[in-house]
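Chemist: Pasting in a structure now, in structure tokens, and then I'll have a few things to ask.
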Amino acid sequence: MSLSILAARWVLPVTSDSIDHGAIVIDGSHIRETGRVDQLRAAYPDASFRDLGEVALLPGLINVHTHLELSGLRGRVEEPRFQPWIVQLITLKAELFTPADLLDSARLGCVEAIRSGITTVADTADAIGTLEALLESGLRGIVYQECFGPAADQAEAAIATWREKFEAHRERLAKVPVEAASRLRVGISPHAPYSVSDRLYRLATSLALENDLDMALHAAESIAEQLLLHDGSGDFGDSLRRRAIEFTPPRSSTVAYLHQLGVLEAAPLLIHGVTIGESDLPLLTRTGTRLAHCPKSNAKFGHGVADLYEWQSRGLTVGLGTDSVVSNNSLDLLDEARFCTLLHRAHRADSTWPEAAEILRLMTIDGARTLRLDDQVGSLEPGKRADLIAIDLSGPHTRPVYDPVTAIIFSASARDVVMTMVDGRILYDGKNILTIDEDRLHRHI
């Protein structure tokens, strides 16, 4: 029996009570048991033992929306207006990055994620290098391969291009050990209402439903998008007209438009959702549509505050995402969680919601449910994958610790992560990333 025990001052299973002076028994890539350290050492006397000290052991964090391939453009595109920002981003990406650069850029994002205690990412990607970067890094993830085409006559070509990329991913995963391939899935992402025609939406949805592919898309993100769908006005309407692309506004909300096209039949992951209104919520509830909440990115562009309270009150499945470091500047999900907490308390003028424990669930078990991975990760339970992290709570900025969850949400940051583990394998030991050559990476980016 090859077992190991990790002990810590606090163990936070998330779906059950915290354990003071707790421990986790790890059996290969899975969790065997959690409990008090003295009891587990007595029950498994032959297991290897390591005491991590004044840390909290908890499930690995789950980032439900990233763009890892854009990590090399952090701080380069600071245009505050959304549509011009998109144009600048597309232009710079094409001018500055080769496929090899995009791969290194995704590797950089993986390194930051691992150092931040993120063990699972849902990444929206245009280039195909992100899958390779995730394989190398040891992270768990879903790559939502994008497709674009605002003109109806571009739809078939966009799907053909997507199929080529999907086949490349499938072939790559077939060449790696089953354990590595099992950590990754590939989905489809018709980008957004201003970059995808109604025909492309229908084709992408049919593809997802027929092949059991998960689907994610940017939706209800901005007032500019809302204006486009209402009457064809605003920055996105102007952009389409300049390119002589026909668009007939549905004169509805984004959610109603997607429902009309049949997109919601795939129960997609909608990213942002800032302009989702009360009339949209029954559609989302009925179809099982999921939501990725990215509060810092939404705030940076001045898009507004998504109604997280109403989403959760309606029983919608929601996870926390950072978006890219071009629109957020950080993959620190702990900082995102603190911002999320304070933003919603200020916005609602209510200091009682959300509670720290609720936000911890948002980036662990709720994130796992959002990505349909909660049978594998998101909590420390027997039989689940050994995806876990250790957060040091011994620093002067976190002491004294009366409640470890409060300390994590309101005091800790990514810099306090001292171990990141996926499938029982340590990816970060508190000093070094053990899967990607950071020195080589930093010489190239």
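Naming works like this for the structure tokens: A, B, ... for the chains as they're shown, residue 1 at the start of each chain, ligands 1 onward in shown order.
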Quick one: residues within 12 Å of Gln226 of chain A, only C-alpha atoms counted, chain neighbours fewer than 3 positions away excluded, as JSON, numbers by chain?
Modeler: {"A": [192, 193, 194, 219, 220, 221, 222, 223, 229, 230, 231, 232, 233, 234, 235, 236, 237, 249, 250, 251, 252, 253, 254, 255, 256, 257, 273, 274, 275, 276, 277, 303]}
Chemist: Output N, CA and C atoms for every residue in that selection, as an mmCIF file, in the first residue's frame.
Modeler:
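Below is the file that was written, out36.cif:
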data_model
loop_
_atom_site.group_PDB
_atom_site.id
_atom_site.type_symbol
_atom_site.label_atom_id
_atom_site.label_comp_id
_atom_site.auth_asym_id
_atom_site.auth_seq_id
_atom_site.Cartn_x
_atom_site.Cartn_y
_atom_site.Cartn_z
ATOM 1 N N ALA A 192 -18.899 35.405 -29.490
ATOM 2 C CA ALA A 192 -19.793 36.397 -28.888
ATOM 3 C C ALA A 192 -20.790 36.878 -29.937
ATOM 4 N N PRO A 193 -21.896 37.498 -29.523
ATOM 5 C CA PRO A 193 -22.919 37.928 -30.485
ATOM 6 C C PRO A 193 -22.420 38.909 -31.539
ATOM 7 N N TYR A 194 -21.391 39.687 -31.225
ATOM 8 C CA TYR A 194 -20.875 40.658 -32.192
ATOM 9 C C TYR A 194 -19.840 40.057 -33.146
ATOM 10 N N ALA A 219 -21.245 36.337 -23.344
ATOM 11 C CA ALA A 219 -22.632 36.732 -23.557
ATOM 12 C C ALA A 219 -23.086 37.744 -22.511
ATOM 13 N N ALA A 220 -23.912 38.694 -22.972
ATOM 14 C CA ALA A 220 -24.484 39.714 -22.078
ATOM 15 C C ALA A 220 -23.384 40.425 -21.305
ATOM 16 N N GLU A 221 -22.306 40.755 -22.027
ATOM 17 C CA GLU A 221 -21.122 41.299 -21.360
ATOM 18 C C GLU A 221 -21.154 42.807 -21.202
ATOM 19 N N SER A 222 -21.776 43.530 -22.153
ATOM 20 C CA SER A 222 -21.628 44.978 -22.166
ATOM 21 C C SER A 222 -22.874 45.679 -22.700
ATOM 22 N N ILE A 223 -22.962 46.970 -22.431
ATOM 23 C CA ILE A 223 -24.028 47.794 -22.995
ATOM 24 C C ILE A 223 -23.891 47.856 -24.514
ATOM 25 N N LEU A 229 -27.895 44.239 -30.187
ATOM 26 C CA LEU A 229 -29.018 43.317 -30.292
ATOM 27 C C LEU A 229 -30.368 44.037 -30.223
ATOM 28 N N HIS A 230 -30.379 45.185 -29.583
ATOM 29 C CA HIS A 230 -31.646 45.917 -29.469
ATOM 30 C C HIS A 230 -32.037 46.588 -30.788
ATOM 31 N N ASP A 231 -31.091 47.335 -31.377
ATOM 32 C CA ASP A 231 -31.441 48.061 -32.602
ATOM 33 C C ASP A 231 -30.290 48.211 -33.590
ATOM 34 N N GLY A 232 -29.206 47.481 -33.374
ATOM 35 C CA GLY A 232 -28.076 47.541 -34.300
ATOM 36 C C GLY A 232 -27.185 48.747 -34.106
ATOM 37 N N SER A 233 -27.356 49.482 -33.019
ATOM 38 C CA SER A 233 -26.561 50.694 -32.790
ATOM 39 C C SER A 233 -25.330 50.382 -31.939
ATOM 40 N N GLY A 234 -24.620 51.415 -31.542
ATOM 41 C CA GLY A 234 -23.458 51.261 -30.681
ATOM 42 C C GLY A 234 -22.189 50.901 -31.433
ATOM 43 N N ASP A 235 -21.124 50.727 -30.691
ATOM 44 C CA ASP A 235 -19.809 50.471 -31.288
ATOM 45 C C ASP A 235 -19.788 49.215 -32.146
ATOM 46 N N PHE A 236 -20.442 48.150 -31.685
ATOM 47 C CA PHE A 236 -20.410 46.903 -32.447
ATOM 48 C C PHE A 236 -21.245 47.014 -33.723
ATOM 49 N N GLY A 237 -22.374 47.712 -33.649
ATOM 50 C CA GLY A 237 -23.163 47.936 -34.850
ATOM 51 C C GLY A 237 -22.388 48.739 -35.873
ATOM 52 N N PRO A 249 -30.911 43.080 -36.121
ATOM 53 C CA PRO A 249 -31.038 42.977 -34.655
ATOM 54 C C PRO A 249 -32.309 42.236 -34.252
ATOM 55 N N PRO A 250 -32.209 41.321 -33.322
ATOM 56 C CA PRO A 250 -33.406 40.578 -32.878
ATOM 57 C C PRO A 250 -34.316 41.390 -31.980
ATOM 58 N N ARG A 251 -33.851 42.556 -31.555
ATOM 59 C CA ARG A 251 -34.602 43.424 -30.642
ATOM 60 C C ARG A 251 -34.976 42.680 -29.366
ATOM 61 N N SER A 252 -33.974 42.023 -28.825
ATOM 62 C CA SER A 252 -34.183 41.238 -27.603
ATOM 63 C C SER A 252 -32.918 41.275 -26.760
ATOM 64 N N SER A 253 -32.995 40.677 -25.607
ATOM 65 C CA SER A 253 -31.792 40.504 -24.785
ATOM 66 C C SER A 253 -30.901 39.437 -25.409
ATOM 67 N N THR A 254 -29.663 39.397 -24.957
ATOM 68 C CA THR A 254 -28.747 38.362 -25.446
ATOM 69 C C THR A 254 -29.285 36.971 -25.123
ATOM 70 N N VAL A 255 -29.772 36.786 -23.912
ATOM 71 C CA VAL A 255 -30.267 35.469 -23.505
ATOM 72 C C VAL A 255 -31.452 35.054 -24.378
ATOM 73 N N ALA A 256 -32.374 35.976 -24.622
ATOM 74 C CA ALA A 256 -33.529 35.655 -25.466
ATOM 75 C C ALA A 256 -33.089 35.332 -26.890
ATOM 76 N N TYR A 257 -32.098 36.065 -27.392
ATOM 77 C CA TYR A 257 -31.555 35.814 -28.731
ATOM 78 C C TYR A 257 -30.954 34.412 -28.806
ATOM 79 N N GLY A 273 -22.268 37.844 -18.368
ATOM 80 C CA GLY A 273 -23.668 37.949 -17.974
ATOM 81 C C GLY A 273 -24.047 39.232 -17.266
ATOM 82 N N VAL A 274 -23.304 40.309 -17.487
ATOM 83 C CA VAL A 274 -23.552 41.557 -16.754
ATOM 84 C C VAL A 274 -24.937 42.121 -17.037
ATOM 85 N N THR A 275 -25.391 42.019 -18.294
ATOM 86 C CA THR A 275 -26.672 42.628 -18.656
ATOM 87 C C THR A 275 -27.844 41.641 -18.610
ATOM 88 N N ILE A 276 -27.633 40.482 -18.022
ATOM 89 C CA ILE A 276 -28.748 39.544 -17.844
ATOM 90 C C ILE A 276 -29.804 40.189 -16.957
ATOM 91 N N GLY A 277 -31.050 40.188 -17.437
ATOM 92 C CA GLY A 277 -32.133 40.803 -16.683
ATOM 93 C C GLY A 277 -33.037 39.780 -16.034
ATOM 94 N N HIS A 303 -18.262 47.779 -17.310
ATOM 95 C CA HIS A 303 -19.459 47.135 -17.814
ATOM 96 C C HIS A 303 -20.579 47.064 -16.781
#
Chemist: Could you list, as a PyMOL selection string, every residue within 12 Å of Trp10 of chain A, counting only C-alpha atoms and ignoring same-chain residues fewer than 5 positions away?
Modeler: chain A and resi 17-24+34-37+51-58+389-394+401-405+407-408
Chemist: Considering only C-alpha atoms, can you say which of A:Ala168, A:Leu342, A:His65, A:Pro80 comes closest to Cys294 of chain A?
Modeler: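 Comparing A:Ala168, A:Leu342, A:His65, A:Pro80 against Cys294 of chain A, the winner is A:His65.
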Chemist: What lies within 9 Å of Gly117 of chain A using only C-alpha atoms, ignoring chain neighbours under 5 positions off, as a list in words?
Modeler: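 In the requested form, the answer reads Gly60, Leu61, Ile62, Glu112, Asp332, Leu333, Leu334, Leu388, Ile389, Ala390, Ile391, Ala414, Val417, Val418, Met419, Thr420, Met421 and Tyr428 of chain A.
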Chemist: Compile a residue-level contact table for segment 134-181 of chain A against segment 355-376 of chain A at a cut-off of 12 Å, reporting for every qualifying residue the shortest atom pair and its distance in Å to one decimal, with only C-alpha atoms counted, rows ordered by chain and ascending number, as CSV.
Modeler:
residue,atom,partner,partner_atom,distance
A:Arg140,CA,A:Leu373,CA,10.2
A:Gly141,CA,A:Leu371,CA,9.2
A:Ile142,CA,A:Leu371,CA,8.2
A:Val143,CA,A:Leu371,CA,11.3
A:Tyr144,CA,A:Leu371,CA,11.3
Chemist: Compile the contact shell of segment 92-95 of chain A as JSON, numbers by chain: residues with an atom at most 9 Å away, counting only C-alpha atoms, same-chain residues fewer than 5 positions apart removed.
Modeler: {"A": [70, 73, 76, 77, 87, 102]}
Chemist: From a DSSP pass on the backbone, collect the residues of segment 195-260 of chain A flagged as strand (DSSP E or B) and hand them back as a list in words.
Modeler: Val196, Met215, Ala216, Leu217, His218 and Ala219 of chain A
Chemist: Can you work out the spacing between atom CA of Ala349 of chain A and atom CA of Leu331 of chain A in Å, to one decimal?
Modeler: 27.3 Å
Chemist: With distances taken over only C-alpha atoms, which residue among A:Arg183, A:Arg115, A:Lys175, A:Arg314 lies nearest Asp423 of chain A?
Modeler: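 Between A:Arg183, A:Arg115, A:Lys175, A:Arg314, the residue approaching Asp423 of chain A most closely is A:Arg183.
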Chemist: So that I can check the surroundings of Arg81 of chain A, please list as a list of chain:residue names every protein, DNA and RNA residue that reaches within 9 Å of it, counting only C-alpha atoms and ignoring chain neighbours fewer than 5 positions away.
Modeler: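 Selected residues are A:Ile86, A:Phe301, A:Gly302.
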Chemist: Calculated over only C-alpha atoms, which of the candidates A:Arg241, A:Ala386, A:His169, A:Gly395 has the smallest distance to Ile5 of chain A?
Modeler: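 Ranked by minimum distance to Ile5 of chain A, first place goes to A:Ala386.
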Chemist: Given only C-alpha atoms as the basis, pick out the residue of A:His218, A:Arg338, A:Arg202, A:Lys431 nearest to Glu265 of chain A.
Modeler: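 Checking each of A:His218, A:Arg338, A:Arg202, A:Lys431 against Glu265 of chain A, counting only C-alpha atoms, the winner is A:Arg202.
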Chemist: For atom CA of Ala125 of chain A and atom CA of Pro282 of chain A, determine how far apart the two atoms are, in Å to one decimal place.
Modeler: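 We find that atom CA of Ala125 of chain A and atom CA of Pro282 of chain A lie 29.9 Å from each other.
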Chemist: Assign secondary structure with DSSP using the backbone only, and return the residues of segment 74-108 of chain A in alpha helix (DSSP H) as a ChimeraX atom specification.
Modeler: /A:82-96,99-108
